[in-house]
Amino acid sequence: MSSTTAPALPAVPASPLPLRPEVEALGVSGIQQVWELGFERDDTIGLWVGEGDLPTPDFICEAAIASLRAGNTYYTHKRGIPALRRALADYHARLLGIGADVERISVTSSGMTALALIFQAILRPGEEVILVSPIWPNAVAAVSIAGGRPVEVPLDPRSDGGFALDLDRLAAAIGPKTRALFIASPGNPTGWLMEAEQQQAVLDLARQHGLWIIADEVYHRFTYDRPLAPSFASLAEPEDALICVHSFSKAWAMTGWRLGWLLHPPSMGETFGKLIEYSTSGGQHFLQEGAVAAIREGEPFVAELVERCRQSGEIAFQALSGLPRVTIARPQAAFYSFFAVEGMDDSLAFAKELLRRTGVGLAPGSAFGAGGEGRLRLCFASSPARVAEAMQRLRPALG
């Protein structure tokens, strides 16, 4: 009687199979490392991440709740419900004076998702994106994950603690593989603001070289010497290679809602519709009804929040500007102070030690790329009283 032997099964690998190099190379953000350390104590004042201490206003929440109760829990329009896209087109027309047709608007599941979709759309493997830095680390990572190569052009520190962009250095960084320029203004972490004259020069440069401009304008409402930050959208033609990234997180205290939007050339609408379909398949209808309320009814709240941040930023500036080791600029835009500390050569270790000693959580400057080391980022989007308490704790440790 013959017998058969079962074929040998392949050996189980001792460890998971390799991932894409771009993914394996991703590190843990220094911001996250300090943030997680802060969970270990109850008295922490966390000024490390980009959000304040106000919950989303009731009028926004109630609009979302009413929509939820009305049964708007099904799949919906991939690029955003019509009411929200219309409200956003009107918003840009009202604030920037541009004719932003709804075909230029695509709603995304967070501003971070918007960045990922952009780089999926425009980058081929190995192409370069020039980013003005110090910069939010997620933007750099989004380029790498998409198979691109981030190239950082650092801002020049000014004697007053602020920053300036050297346009000649930016132009010199453009090479044969450059695909896009990424500029965040107002900037995170620096609070740097690009004036309209420089925006026009960058727009001319991008047109000359056939480059995309990715303009992160998430903080465009947070300005303290003018009503609104300059926008590339005010200068560009509708079909210029310009994409502006926006978010509901900051100006309407909606960080946990994870809603953003893009202002893009009309011809890109179908492209972003397909990318959204194959990523999130679109956002939640009921949350978008809350966003409609934010856009249509939220101007008084935005004004109050910006004024609150102005007061808190001034408290931080007055408390730290007199310390001999600290170089800090009076806030001009966004809601961050990115200040230098003399003698600090490892900002991550320093931020961790500062948290242990004072209970105040700040973000290490090294997390923000070129030019960030030697600095700390302080988010002053919290109440004046909370920021004042944090300053009382910090001053002895930084003095």
# chains A, B, ... in the order shown; residues from 1 in each chain; ligands from 1
>>> residues_around(residues="range 161-166 of chain A", least_positions_apart="5", cutoff="6 Å", atoms="only C-alpha atoms", output="PyMOL selection string")
chain A and resi 155-156+327-329
>>> residues_around(residues="Asp42 in chain A", least_positions_apart="5", cutoff="12 Å", atoms="only C-alpha atoms", output="JSON, numbers by chain")
{"A": [37, 355, 356, 359, 360]}
>>> closest_atom_pairs(of="range 145-179 of chain A", to="range 118-123 of chain A", cutoff="12 Å", atoms="only C-alpha atoms", output="Markdown table")
| residue | atom | partner | partner_atom | distance |
| --- | --- | --- | --- | --- |
| A:Ile145 | CA | A:Phe119 | CA | 8.9 |
| A:Ala146 | CA | A:Gln120 | CA | 5.9 |
| A:Gly147 | CA | A:Leu123 | CA | 7.4 |
| A:Gly148 | CA | A:Leu123 | CA | 6.3 |
| A:Arg149 | CA | A:Leu123 | CA | 9.5 |
| A:Pro150 | CA | A:Leu123 | CA | 11.2 |
| A:Lys177 | CA | A:Leu123 | CA | 10.3 |
| A:Thr178 | CA | A:Leu123 | CA | 9.7 |
| A:Arg179 | CA | A:Leu123 | CA | 7.0 |
>>> write_last_selection(atoms="N, CA and C atoms", output="PDB file, in the first residue's frame")
ATOM      1  N   ILE A 145       6.457  59.500   2.638  1.00  0.00           N
ATOM      2  CA  ILE A 145       5.554  58.359   2.513  1.00  0.00           C
ATOM      3  C   ILE A 145       5.057  58.215   1.080  1.00  0.00           C
ATOM      4  N   ALA A 146       4.876  59.336   0.400  1.00  0.00           N
ATOM      5  CA  ALA A 146       4.410  59.306  -0.991  1.00  0.00           C
ATOM      6  C   ALA A 146       5.518  58.945  -1.971  1.00  0.00           C
ATOM      7  N   GLY A 147       6.735  58.710  -1.468  1.00  0.00           N
ATOM      8  CA  GLY A 147       7.847  58.340  -2.334  1.00  0.00           C
ATOM      9  C   GLY A 147       8.677  59.506  -2.820  1.00  0.00           C
ATOM     10  N   GLY A 148       8.374  60.697  -2.311  1.00  0.00           N
ATOM     11  CA  GLY A 148       9.133  61.878  -2.698  1.00  0.00           C
ATOM     12  C   GLY A 148      10.310  62.111  -1.774  1.00  0.00           C
ATOM     13  N   ARG A 149      11.080  63.135  -2.099  1.00  0.00           N
ATOM     14  CA  ARG A 149      12.249  63.499  -1.289  1.00  0.00           C
ATOM     15  C   ARG A 149      12.066  64.926  -0.778  1.00  0.00           C
ATOM     16  N   PRO A 150      11.943  65.090   0.548  1.00  0.00           N
ATOM     17  CA  PRO A 150      11.820  66.438   1.096  1.00  0.00           C
ATOM     18  C   PRO A 150      13.162  67.155   1.108  1.00  0.00           C
ATOM     19  N   LYS A 177      14.777  67.704 -10.330  1.00  0.00           N
ATOM     20  CA  LYS A 177      13.768  66.797  -9.778  1.00  0.00           C
ATOM     21  C   LYS A 177      12.726  67.515  -8.920  1.00  0.00           C
ATOM     22  N   THR A 178      12.836  68.821  -8.799  1.00  0.00           N
ATOM     23  CA  THR A 178      11.884  69.560  -7.967  1.00  0.00           C
ATOM     24  C   THR A 178      10.507  69.544  -8.603  1.00  0.00           C
ATOM     25  N   ARG A 179       9.511  69.203  -7.795  1.00  0.00           N
ATOM     26  CA  ARG A 179       8.131  69.120  -8.276  1.00  0.00           C
ATOM     27  C   ARG A 179       7.239  70.187  -7.636  1.00  0.00           C
TER      28      ARG A 179
END
>>> residues_around(residues="Val302 in chain A", least_positions_apart="6", cutoff="12 Å", atoms="only C-alpha atoms", output="list in words")
Thr56, Pro57, Tyr219, His220, Arg221, Phe222, Thr223, Pro227, Leu228, Phe248, Ser249, Lys250, Ala251, Trp252, Ala253, Met254, Ala294, Ile295, Arg296, Arg308 and Cys309 of chain A
>>> select_by_dssp(residues="range 255-396 of chain A", states="strand (DSSP E)", output="short mmCIF file (atom, residue, chain, number, x, y, z; two decimals) with C-alpha atoms, in the first residue's frame")
data_model
loop_
_atom_site.label_atom_id
_atom_site.label_comp_id
_atom_site.auth_asym_id
_atom_site.auth_seq_id
_atom_site.Cartn_x
_atom_site.Cartn_y
_atom_site.Cartn_z
CA GLY A 260 -10.23 69.97 6.32
CA TRP A 261 -10.58 71.25 2.79
CA LEU A 262 -8.61 72.10 -0.32
CA LEU A 263 -8.81 75.10 -2.61
CA VAL A 326 15.81 83.33 26.03
CA THR A 327 15.38 84.97 22.61
CA TYR A 336 3.07 79.55 18.73
CA SER A 337 6.22 81.02 20.21
CA PHE A 338 9.33 79.33 18.85
CA PHE A 339 11.98 80.66 21.17
CA ALA A 340 15.70 80.00 21.49
CA VAL A 341 17.35 79.00 24.76
CA VAL A 360 4.77 72.26 31.64
CA GLY A 361 4.89 70.46 28.31
CA ALA A 363 7.59 70.74 21.99
CA PRO A 364 11.30 70.27 21.20
CA ARG A 375 14.54 76.12 20.35
CA LEU A 376 11.28 75.14 22.01
CA ARG A 377 7.73 75.57 20.69
CA LEU A 378 5.10 76.90 23.05
CA CYS A 379 1.44 76.81 21.98
#
>>> residues_around(residues="range 274-278 of chain A", least_positions_apart="4", cutoff="8 Å", atoms="only C-alpha atoms", output="mmCIF file with N, CA and C atoms, in the first residue's frame")
data_model
loop_
_atom_site.group_PDB
_atom_site.id
_atom_site.type_symbol
_atom_site.label_atom_id
_atom_site.label_comp_id
_atom_site.auth_asym_id
_atom_site.auth_seq_id
_atom_site.Cartn_x
_atom_site.Cartn_y
_atom_site.Cartn_z
ATOM 1 N N LYS A 78 -18.500 62.443 -2.117
ATOM 2 C CA LYS A 78 -17.091 62.175 -1.829
ATOM 3 C C LYS A 78 -16.315 63.446 -1.516
ATOM 4 N N ARG A 79 -16.599 64.524 -2.243
ATOM 5 C CA ARG A 79 -15.831 65.764 -2.074
ATOM 6 C C ARG A 79 -16.502 66.739 -1.119
ATOM 7 N N THR A 108 -11.991 67.273 2.948
ATOM 8 C CA THR A 108 -11.177 66.114 3.290
ATOM 9 C C THR A 108 -11.346 65.744 4.758
ATOM 10 N N LEU A 117 -3.270 63.375 0.182
ATOM 11 C CA LEU A 117 -3.897 63.306 -1.145
ATOM 12 C C LEU A 117 -3.138 64.143 -2.172
ATOM 13 N N ALA A 121 -1.242 62.793 -5.557
ATOM 14 C CA ALA A 121 -1.655 63.290 -6.875
ATOM 15 C C ALA A 121 -0.488 63.803 -7.705
ATOM 16 N N GLU A 270 -11.972 66.375 -10.235
ATOM 17 C CA GLU A 270 -12.196 64.946 -10.496
ATOM 18 C C GLU A 270 -11.071 64.100 -9.911
ATOM 19 N N GLY A 282 -14.927 59.475 1.491
ATOM 20 C CA GLY A 282 -15.717 60.648 1.859
ATOM 21 C C GLY A 282 -15.929 60.755 3.351
#
>>> residues_around(residues="Val153 in chain A", least_positions_apart="5", cutoff="12 Å", atoms="only C-alpha atoms", output="list of chain:residue names")
A:Val129, A:Ile130, A:Leu131, A:Val132, A:Ser133, A:Pro134, A:Ile135, A:Ala164, A:Leu165, A:Asp166, A:Leu167, A:Asp168, A:Arg169, A:Leu170, A:Ala171, A:Ala172, A:Ala173, A:Ile174, A:Leu181, A:Phe182, A:Ile183, A:Gly369, A:Ala370, A:Gly371, A:Gly372
>>> closest_residue(among="A:Val102, A:Leu348, A:Ala93, A:Ala64", to="Gly374 in chain A", atoms="only C-alpha atoms")
A:Leu348
>>> select_by_dssp(residues="range 48-292 of chain A", states="helix (DSSP H, G or I)", output="ChimeraX atom specification")
/A:58-69,82-96,102-104,111-122,137-145,167-172,196-209,232-234,255-257,266-277,285-292
>>> write_last_selection(atoms="C-alpha atoms", output="short mmCIF file (atom, residue, chain, number, x, y, z; two decimals), in the first residue's frame")
data_model
loop_
_atom_site.label_atom_id
_atom_site.label_comp_id
_atom_site.auth_asym_id
_atom_site.auth_seq_id
_atom_site.Cartn_x
_atom_site.Cartn_y
_atom_site.Cartn_z
CA ASP A 58 -22.34 74.68 21.09
CA PHE A 59 -23.79 76.09 17.86
CA ILE A 60 -21.48 73.86 15.83
CA CYS A 61 -22.12 70.79 17.97
CA GLU A 62 -25.88 71.30 17.88
CA ALA A 63 -25.90 71.46 14.08
CA ALA A 64 -24.03 68.15 13.91
CA ILE A 65 -26.30 66.56 16.54
CA ALA A 66 -29.43 67.68 14.69
CA SER A 67 -28.07 66.18 11.48
CA LEU A 68 -27.21 62.95 13.26
CA ARG A 69 -30.71 62.72 14.71
CA PRO A 82 -23.05 70.53 -1.47
CA ALA A 83 -24.02 72.87 1.38
CA LEU A 84 -20.51 72.78 2.83
CA ARG A 85 -18.73 73.24 -0.48
CA ARG A 86 -20.99 76.19 -1.28
CA ALA A 87 -20.35 77.69 2.17
CA LEU A 88 -16.59 77.32 1.70
CA ALA A 89 -16.69 78.91 -1.76
CA ASP A 90 -18.58 81.85 -0.25
CA TYR A 91 -16.08 81.98 2.64
CA HIS A 92 -13.14 82.44 0.27
CA ALA A 93 -15.05 85.01 -1.77
CA ARG A 94 -15.90 86.96 1.38
CA LEU A 95 -12.46 86.90 2.98
CA LEU A 96 -10.17 86.96 -0.04
CA VAL A 102 -17.51 75.10 -5.80
CA GLU A 103 -15.49 73.07 -8.32
CA ARG A 104 -12.38 74.47 -6.64
CA GLY A 111 -5.91 68.76 6.87
CA MET A 112 -3.36 65.95 7.22
CA THR A 113 -5.42 63.78 4.87
CA ALA A 114 -5.46 66.71 2.46
CA LEU A 115 -1.66 66.76 2.40
CA ALA A 116 -1.48 63.01 1.79
CA LEU A 117 -3.90 63.31 -1.14
CA ILE A 118 -1.94 66.17 -2.67
CA PHE A 119 1.33 64.28 -2.68
CA GLN A 120 -0.37 61.16 -4.00
CA ALA A 121 -1.65 63.29 -6.88
CA ILE A 122 1.45 65.19 -7.89
CA PRO A 137 7.04 67.30 10.84
CA ASN A 138 3.90 65.68 9.42
CA ALA A 139 4.31 67.61 6.19
CA VAL A 140 7.84 66.29 5.73
CA ALA A 141 6.71 62.75 6.51
CA ALA A 142 3.83 63.00 4.01
CA VAL A 143 6.31 63.73 1.22
CA SER A 144 8.48 60.75 2.17
CA ILE A 145 5.55 58.36 2.51
CA LEU A 167 14.19 84.05 -1.72
CA ASP A 168 17.57 83.57 -3.41
CA ARG A 169 18.22 80.52 -1.23
CA LEU A 170 14.77 79.18 -2.09
CA ALA A 171 15.41 79.61 -5.81
CA ALA A 172 18.87 78.01 -5.52
CA ALA A 196 2.11 89.37 -0.30
CA GLU A 197 5.18 90.74 -2.11
CA GLN A 198 7.14 87.57 -1.37
CA GLN A 199 4.16 85.42 -2.28
CA GLN A 200 4.04 87.10 -5.69
CA ALA A 201 7.76 86.48 -6.15
CA VAL A 202 7.33 82.80 -5.25
CA LEU A 203 4.34 82.50 -7.59
CA ASP A 204 6.43 83.97 -10.41
CA LEU A 205 9.25 81.55 -9.57
CA ALA A 206 6.91 78.56 -9.62
CA ARG A 207 5.43 79.60 -12.97
CA GLN A 208 8.93 80.03 -14.41
CA HIS A 209 10.01 76.51 -13.38
CA PHE A 232 -1.51 82.93 -2.47
CA ALA A 233 -5.10 82.47 -3.65
CA SER A 234 -5.56 86.24 -3.83
CA THR A 255 -9.37 69.54 16.32
CA GLY A 256 -11.08 66.24 17.13
CA TRP A 257 -13.56 66.51 14.25
CA PRO A 266 -11.10 73.46 -11.04
CA SER A 267 -9.51 70.84 -13.28
CA MET A 268 -8.25 68.96 -10.19
CA GLY A 269 -11.73 68.31 -8.81
CA GLU A 270 -12.20 64.95 -10.50
CA THR A 271 -8.70 63.86 -9.44
CA PHE A 272 -9.32 64.60 -5.79
CA GLY A 273 -12.74 62.96 -6.02
CA LYS A 274 -11.10 59.72 -7.15
CA LEU A 275 -8.36 59.90 -4.52
CA ILE A 276 -10.93 60.49 -1.77
CA GLU A 277 -12.99 57.56 -3.07
CA HIS A 285 -22.47 63.95 6.56
CA PHE A 286 -23.49 64.96 10.08
CA LEU A 287 -20.03 66.32 10.95
CA GLN A 288 -20.07 68.38 7.78
CA GLU A 289 -23.36 69.96 8.83
CA GLY A 290 -21.52 71.18 11.92
CA ALA A 291 -18.83 72.59 9.64
CA VAL A 292 -21.50 74.47 7.65
#
>>> closest_residue(among="A:His246, A:Arg386, A:Arg310, A:Arg330", to="Ser106 in chain A", atoms="only C-alpha atoms")
A:His246
>>> closest_residue(among="A:Glu237, A:Asp53, A:His264, A:Gly99", to="Ala385 in chain A", atoms="only C-alpha atoms")
A:Asp53
